[in-house]
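Student: Contents of structure-v6.pdb (PDB, C-alpha atoms) are below:
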ATOM      1  CA  PRO G  20       9.606 -10.458   7.365  1.00  0.00           C
ATOM      2  CA  GLY G  21      10.613 -11.855   4.014  1.00  0.00           C
ATOM      3  CA  ALA G  22       7.807 -14.455   4.026  1.00  0.00           C
ATOM      4  CA  ASP G  23       5.518 -14.765   1.021  1.00  0.00           C
ATOM      5  CA  PRO G  24       2.128 -13.304   2.087  1.00  0.00           C
ATOM      6  CA  LYS G  25       0.223 -15.621  -0.282  1.00  0.00           C
ATOM      7  CA  GLN G  26       1.975 -18.678   1.185  1.00  0.00           C
ATOM      8  CA  LEU G  27       1.127 -17.505   4.712  1.00  0.00           C
ATOM      9  CA  GLU G  28      -2.500 -17.099   3.631  1.00  0.00           C
ATOM     10  CA  ARG G  29      -2.578 -20.657   2.218  1.00  0.00           C
ATOM     11  CA  THR G  30      -1.304 -22.047   5.520  1.00  0.00           C
ATOM     12  CA  GLY G  31      -3.882 -20.097   7.532  1.00  0.00           C
ATOM     13  CA  THR G  32      -1.273 -17.984   9.319  1.00  0.00           C
ATOM     14  CA  VAL G  33      -2.729 -14.770   7.877  1.00  0.00           C
ATOM     15  CA  TRP G  34      -5.729 -13.877   5.731  1.00  0.00           C
ATOM     16  CA  ASP G  35      -6.630 -11.074   3.358  1.00  0.00           C
ATOM     17  CA  ILE G  36      -9.124  -8.695   4.982  1.00  0.00           C
ATOM     18  CA  GLY G  37      -8.966  -6.033   2.272  1.00  0.00           C
ATOM     19  CA  SER G  38     -12.513  -6.813   1.173  1.00  0.00           C
ATOM     20  CA  GLN G  39     -13.762  -5.774   4.637  1.00  0.00           C
ATOM     21  CA  ALA G  40     -12.514  -2.213   4.122  1.00  0.00           C
ATOM     22  CA  PHE G  41     -13.536   0.805   2.083  1.00  0.00           C
ATOM     23  CA  TRP G  42     -10.640   1.844  -0.178  1.00  0.00           C
ATOM     24  CA  SER G  43     -10.194   5.307  -1.702  1.00  0.00           C
ATOM     25  CA  LEU G  44      -7.389   7.115  -3.506  1.00  0.00           C
ATOM     26  CA  SER G  45      -6.467  10.789  -3.554  1.00  0.00           C
ATOM     27  CA  SER G  46      -6.331  10.517  -7.365  1.00  0.00           C
ATOM     28  CA  CYS G  47      -5.721   8.010 -10.121  1.00  0.00           C
ATOM     29  CA  LYS G  48      -5.375   7.766 -13.864  1.00  0.00           C
ATOM     30  CA  PRO G  49      -8.071   5.803 -15.725  1.00  0.00           C
ATOM     31  CA  GLU G  50      -7.432   2.038 -15.476  1.00  0.00           C
ATOM     32  CA  PHE G  51      -4.817   2.582 -12.729  1.00  0.00           C
ATOM     33  CA  GLY G  52      -6.994   2.733  -9.611  1.00  0.00           C
ATOM     34  CA  VAL G  53      -8.050   0.650  -6.619  1.00  0.00           C
ATOM     35  CA  ASP G  54      -8.695  -2.499  -8.677  1.00  0.00           C
ATOM     36  CA  GLN G  55      -5.142  -2.472 -10.028  1.00  0.00           C
ATOM     37  CA  LEU G  56      -3.736  -1.649  -6.589  1.00  0.00           C
ATOM     38  CA  GLN G  57      -5.445  -4.689  -5.067  1.00  0.00           C
ATOM     39  CA  ASP G  58      -5.059  -7.323  -7.763  1.00  0.00           C
ATOM     40  CA  ASP G  59      -2.347  -9.944  -7.424  1.00  0.00           C
ATOM     41  CA  ASN G  60      -0.716  -9.004 -10.729  1.00  0.00           C
ATOM     42  CA  LEU G  61       2.722  -7.442 -10.250  1.00  0.00           C
ATOM     43  CA  GLU G  62       2.472  -5.972 -13.756  1.00  0.00           C
ATOM     44  CA  SER G  63      -0.484  -3.728 -12.835  1.00  0.00           C
ATOM     45  CA  TYR G  64      -0.389  -0.826 -10.409  1.00  0.00           C
ATOM     46  CA  TRP G  65      -2.019   2.341  -9.048  1.00  0.00           C
ATOM     47  CA  GLN G  66      -0.894   5.523 -10.742  1.00  0.00           C
ATOM     48  CA  SER G  67      -1.798   8.867  -9.216  1.00  0.00           C
ATOM     49  CA  ASP G  68      -3.013  11.790 -11.293  1.00  0.00           C
ATOM     50  CA  GLY G  69      -2.959  14.941  -9.235  1.00  0.00           C
ATOM     51  CA  SER G  70      -0.980  16.974  -6.768  1.00  0.00           C
ATOM     52  CA  GLN G  71       0.889  15.536  -3.808  1.00  0.00           C
ATOM     53  CA  PRO G  72       0.499  14.065  -1.297  1.00  0.00           C
ATOM     54  CA  TYR G  73      -0.753  10.861  -2.945  1.00  0.00           C
ATOM     55  CA  LEU G  74      -2.947   8.946  -0.539  1.00  0.00           C
ATOM     56  CA  VAL G  75      -4.379   5.459  -0.251  1.00  0.00           C
ATOM     57  CA  ASN G  76      -7.097   5.477   2.402  1.00  0.00           C
ATOM     58  CA  ILE G  77      -8.248   2.171   3.867  1.00  0.00           C
ATOM     59  CA  GLN G  78     -11.158   2.423   6.291  1.00  0.00           C
ATOM     60  CA  PHE G  79     -12.522  -0.430   8.411  1.00  0.00           C
ATOM     61  CA  ARG G  80     -15.877  -0.329  10.214  1.00  0.00           C
ATOM     62  CA  ARG G  81     -14.315  -1.253  13.540  1.00  0.00           C
ATOM     63  CA  LYS G  82     -10.872  -1.439  15.094  1.00  0.00           C
ATOM     64  CA  THR G  83      -8.844  -3.895  13.074  1.00  0.00           C
ATOM     65  CA  THR G  84      -5.334  -5.248  13.476  1.00  0.00           C
ATOM     66  CA  VAL G  85      -3.567  -4.962  10.150  1.00  0.00           C
ATOM     67  CA  LYS G  86      -0.241  -6.199   8.851  1.00  0.00           C
ATOM     68  CA  THR G  87       0.465  -5.198   5.300  1.00  0.00           C
ATOM     69  CA  CYS G  88       3.019  -5.829   2.637  1.00  0.00           C
ATOM     70  CA  ILE G  89       3.681  -3.067   0.130  1.00  0.00           C
ATOM     71  CA  TYR G  90       5.292  -3.946  -3.172  1.00  0.00           C
ATOM     72  CA  ALA G  91       7.125  -1.190  -5.030  1.00  0.00           C
ATOM     73  CA  ASP G  92       9.303  -1.967  -8.039  1.00  0.00           C
ATOM     74  CA  TYR G  93      11.870   0.774  -8.483  1.00  0.00           C
ATOM     75  CA  LYS G  94      13.635  -1.065 -11.298  1.00  0.00           C
ATOM     76  CA  SER G  95      10.481  -1.179 -13.455  1.00  0.00           C
ATOM     77  CA  ASP G  96       9.607   2.506 -13.215  1.00  0.00           C
ATOM     78  CA  GLU G  97      11.682   4.746 -10.985  1.00  0.00           C
ATOM     79  CA  SER G  98       9.638   7.855 -11.826  1.00  0.00           C
ATOM     80  CA  TYR G  99       6.470   6.453 -10.185  1.00  0.00           C
ATOM     81  CA  THR G 100       8.022   4.557  -7.287  1.00  0.00           C
ATOM     82  CA  PRO G 101       7.546   6.493  -4.048  1.00  0.00           C
ATOM     83  CA  SER G 102      10.592   7.588  -2.104  1.00  0.00           C
ATOM     84  CA  LYS G 103       8.641   7.789   1.181  1.00  0.00           C
ATOM     85  CA  ILE G 104       5.682   5.909   2.620  1.00  0.00           C
ATOM     86  CA  SER G 105       3.863   6.828   5.822  1.00  0.00           C
ATOM     87  CA  ALA G 106       1.257   4.752   7.670  1.00  0.00           C
ATOM     88  CA  LYS G 107      -1.250   6.602   9.858  1.00  0.00           C
ATOM     89  CA  VAL G 108      -4.083   5.321  12.033  1.00  0.00           C
ATOM     90  CA  GLY G 109      -7.007   6.902  13.818  1.00  0.00           C
ATOM     91  CA  ASN G 110     -10.758   6.971  14.350  1.00  0.00           C
ATOM     92  CA  ASN G 111     -11.289   9.507  11.532  1.00  0.00           C
ATOM     93  CA  PHE G 112      -9.343  11.734   9.140  1.00  0.00           C
ATOM     94  CA  HIS G 113      -8.996  14.462  11.788  1.00  0.00           C
ATOM     95  CA  ASN G 114      -7.102  12.418  14.383  1.00  0.00           C
ATOM     96  CA  LEU G 115      -4.694  10.362  12.293  1.00  0.00           C
ATOM     97  CA  GLN G 116      -1.330   9.687  13.915  1.00  0.00           C
ATOM     98  CA  GLU G 117       1.713   8.424  12.067  1.00  0.00           C
ATOM     99  CA  ILE G 118       2.797   5.003  13.303  1.00  0.00           C
ATOM    100  CA  ARG G 119       5.422   4.120  10.694  1.00  0.00           C
ATOM    101  CA  ARG G 120       7.431   5.929   8.065  1.00  0.00           C
ATOM    102  CA  VAL G 121       9.957   4.724   5.504  1.00  0.00           C
ATOM    103  CA  ASP G 122      11.973   7.639   4.112  1.00  0.00           C
ATOM    104  CA  HIS G 123      14.402   5.893   1.794  1.00  0.00           C
ATOM    105  CA  LEU G 124      12.212   3.345   0.047  1.00  0.00           C
ATOM    106  CA  ARG G 125      13.861   3.697  -3.357  1.00  0.00           C
ATOM    107  CA  SER G 126      17.282   2.645  -2.122  1.00  0.00           C
ATOM    108  CA  GLY G 127      15.884  -0.421  -0.327  1.00  0.00           C
ATOM    109  CA  VAL G 128      13.526  -1.486  -3.090  1.00  0.00           C
ATOM    110  CA  GLN G 129      16.315  -2.535  -5.415  1.00  0.00           C
ATOM    111  CA  ASP G 130      17.381  -5.330  -3.053  1.00  0.00           C
ATOM    112  CA  GLN G 131      14.182  -5.927  -1.088  1.00  0.00           C
ATOM    113  CA  PRO G 132      10.984  -5.325  -3.114  1.00  0.00           C
ATOM    114  CA  ALA G 133       8.514  -5.715  -0.243  1.00  0.00           C
ATOM    115  CA  GLN G 134       8.102  -3.679   2.922  1.00  0.00           C
ATOM    116  CA  THR G 135       6.050  -5.290   5.695  1.00  0.00           C
ATOM    117  CA  TRP G 136       4.325  -3.213   8.369  1.00  0.00           C
TER
END
The structure given in the file should be rewritten as structure tokens.
Tutor:
Amino acid sequence: PGADPKQLERTGTVWDIGSQAFWSLSSCKPEFGVDQLQDDNLESYWQSDGSQPYLVNIQFRRKTTVKTCIYADYKSDESYTPSKISAKVGNNFHNLQEIRRVDHLRSGVQDQPAQTW
């Protein structure tokens, strides 16, 4: 917790496996989709364009251990920063089970911009 994911990747402690997954979004505005969600630019972002819930689906071909860091910048744009994030896992969309939930993300984001799961 608190470690820079890119620094950990450079030291070989962790590595980015996002390219091994199929990514999909429940909705997005043009030029604010998966590419912007995955790039390393903190100035770009995913922006949904539809009704809630807003979903980011990440599917791997086989069981995969994942540790992720989510960056949300409440100070830059409070209207699009989520207040809750839920992580679910399963073998398909019909058997997903919630494994982690953050209900007060906005209050924590101001002091701690990254949430690691």
Student: For G:Gln78, which residue out of G:Lys107, G:Lys48, G:Arg119, G:Lys25 is the nearest one, using all atoms listed in the file?
Tutor: G:Lys107
Student: Which value, in Å to one decimal, gives the distance between atom CA of G:Val121 and atom CA of G:Tyr64?
Tutor: 19.8 Å
Student: Any idea what the distance is between atom CA of G:Pro72 and atom CA of G:Asp92?
Tutor: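 Atom CA of G:Asp92 lies at a distance of 19.5 Å from atom CA of G:Pro72.
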Student: What would the selection look like, as a list in words, if the PyMOL selection byres ((chain G and resi 38-44) around 9) were run on the coordinates I just shared?
Tutor: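 Checked against the file, the PyMOL selection byres ((chain G and resi 38-44) around 9) matches Asp35, Ile36, Gly37, Ser45, Ser46, Cys47, Gly52, Val53, Ser67, Tyr73, Leu74, Val75, Asn76, Ile77, Gln78, Phe79 and Arg80 of chain G.
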Student: For the atom pair atom CA of G:Trp34 and atom CA of G:Arg120, what is the interatomic distance in Å to one decimal place?
Tutor: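 Separating atom CA of G:Trp34 from atom CA of G:Arg120 is a distance of 23.9 Å.
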Student: Since the input lacks some atoms of stretch 50-69 of chain G, please model N, CA and C atoms and print them as a PDB file, in the frame of the given file.
Tutor:
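Final output, saved to out-v7.pdb:
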ATOM      1  N   GLU G  50      -7.969   3.404 -15.398  1.00  0.00           N
ATOM      2  CA  GLU G  50      -7.432   2.038 -15.476  1.00  0.00           C
ATOM      3  C   GLU G  50      -6.208   1.811 -14.593  1.00  0.00           C
ATOM      4  N   PHE G  51      -5.937   2.730 -13.654  1.00  0.00           N
ATOM      5  CA  PHE G  51      -4.817   2.582 -12.729  1.00  0.00           C
ATOM      6  C   PHE G  51      -5.264   2.930 -11.318  1.00  0.00           C
ATOM      7  N   GLY G  52      -6.403   2.370 -10.890  1.00  0.00           N
ATOM      8  CA  GLY G  52      -6.994   2.733  -9.611  1.00  0.00           C
ATOM      9  C   GLY G  52      -6.949   1.631  -8.567  1.00  0.00           C
ATOM     10  N   VAL G  53      -7.983   1.589  -7.731  1.00  0.00           N
ATOM     11  CA  VAL G  53      -8.050   0.650  -6.619  1.00  0.00           C
ATOM     12  C   VAL G  53      -7.998  -0.796  -7.104  1.00  0.00           C
ATOM     13  N   ASP G  54      -8.705  -1.115  -8.183  1.00  0.00           N
ATOM     14  CA  ASP G  54      -8.695  -2.499  -8.677  1.00  0.00           C
ATOM     15  C   ASP G  54      -7.292  -2.963  -9.020  1.00  0.00           C
ATOM     16  N   GLN G  55      -6.503  -2.107  -9.661  1.00  0.00           N
ATOM     17  CA  GLN G  55      -5.142  -2.472 -10.028  1.00  0.00           C
ATOM     18  C   GLN G  55      -4.231  -2.510  -8.797  1.00  0.00           C
ATOM     19  N   LEU G  56      -4.510  -1.663  -7.829  1.00  0.00           N
ATOM     20  CA  LEU G  56      -3.736  -1.649  -6.589  1.00  0.00           C
ATOM     21  C   LEU G  56      -3.916  -2.954  -5.823  1.00  0.00           C
ATOM     22  N   GLN G  57      -5.123  -3.513  -5.867  1.00  0.00           N
ATOM     23  CA  GLN G  57      -5.445  -4.689  -5.067  1.00  0.00           C
ATOM     24  C   GLN G  57      -5.269  -6.023  -5.778  1.00  0.00           C
ATOM     25  N   ASP G  58      -5.161  -6.022  -7.094  1.00  0.00           N
ATOM     26  CA  ASP G  58      -5.059  -7.323  -7.763  1.00  0.00           C
ATOM     27  C   ASP G  58      -3.700  -7.963  -7.462  1.00  0.00           C
ATOM     28  N   ASP G  59      -3.580  -9.221  -7.732  1.00  0.00           N
ATOM     29  CA  ASP G  59      -2.347  -9.944  -7.424  1.00  0.00           C
ATOM     30  C   ASP G  59      -1.360  -9.949  -8.587  1.00  0.00           C
ATOM     31  N   ASN G  60      -1.565  -9.076  -9.552  1.00  0.00           N
ATOM     32  CA  ASN G  60      -0.716  -9.004 -10.729  1.00  0.00           C
ATOM     33  C   ASN G  60       0.370  -7.962 -10.496  1.00  0.00           C
ATOM     34  N   LEU G  61       1.622  -8.376 -10.481  1.00  0.00           N
ATOM     35  CA  LEU G  61       2.722  -7.442 -10.250  1.00  0.00           C
ATOM     36  C   LEU G  61       2.985  -6.540 -11.453  1.00  0.00           C
ATOM     37  N   GLU G  62       2.328  -6.801 -12.560  1.00  0.00           N
ATOM     38  CA  GLU G  62       2.472  -5.972 -13.756  1.00  0.00           C
ATOM     39  C   GLU G  62       1.482  -4.804 -13.768  1.00  0.00           C
ATOM     40  N   SER G  63       0.475  -4.833 -12.912  1.00  0.00           N
ATOM     41  CA  SER G  63      -0.484  -3.728 -12.835  1.00  0.00           C
ATOM     42  C   SER G  63      -0.215  -2.933 -11.560  1.00  0.00           C
ATOM     43  N   TYR G  64      -0.722  -1.694 -11.531  1.00  0.00           N
ATOM     44  CA  TYR G  64      -0.389  -0.826 -10.409  1.00  0.00           C
ATOM     45  C   TYR G  64      -1.332   0.369 -10.363  1.00  0.00           C
ATOM     46  N   TRP G  65      -1.301   1.072  -9.212  1.00  0.00           N
ATOM     47  CA  TRP G  65      -2.019   2.341  -9.048  1.00  0.00           C
ATOM     48  C   TRP G  65      -1.100   3.435  -9.543  1.00  0.00           C
ATOM     49  N   GLN G  66      -1.662   4.362 -10.290  1.00  0.00           N
ATOM     50  CA  GLN G  66      -0.894   5.523 -10.742  1.00  0.00           C
ATOM     51  C   GLN G  66      -1.695   6.775 -10.410  1.00  0.00           C
ATOM     52  N   SER G  67      -1.111   7.643  -9.624  1.00  0.00           N
ATOM     53  CA  SER G  67      -1.798   8.867  -9.216  1.00  0.00           C
ATOM     54  C   SER G  67      -1.887   9.840 -10.381  1.00  0.00           C
ATOM     55  N   ASP G  68      -2.805  10.787 -10.256  1.00  0.00           N
ATOM     56  CA  ASP G  68      -3.013  11.790 -11.293  1.00  0.00           C
ATOM     57  C   ASP G  68      -3.478  13.073 -10.640  1.00  0.00           C
ATOM     58  N   GLY G  69      -2.587  13.722  -9.939  1.00  0.00           N
ATOM     59  CA  GLY G  69      -2.959  14.941  -9.235  1.00  0.00           C
ATOM     60  C   GLY G  69      -1.774  15.446  -8.441  1.00  0.00           C
TER      61      GLY G  69
END
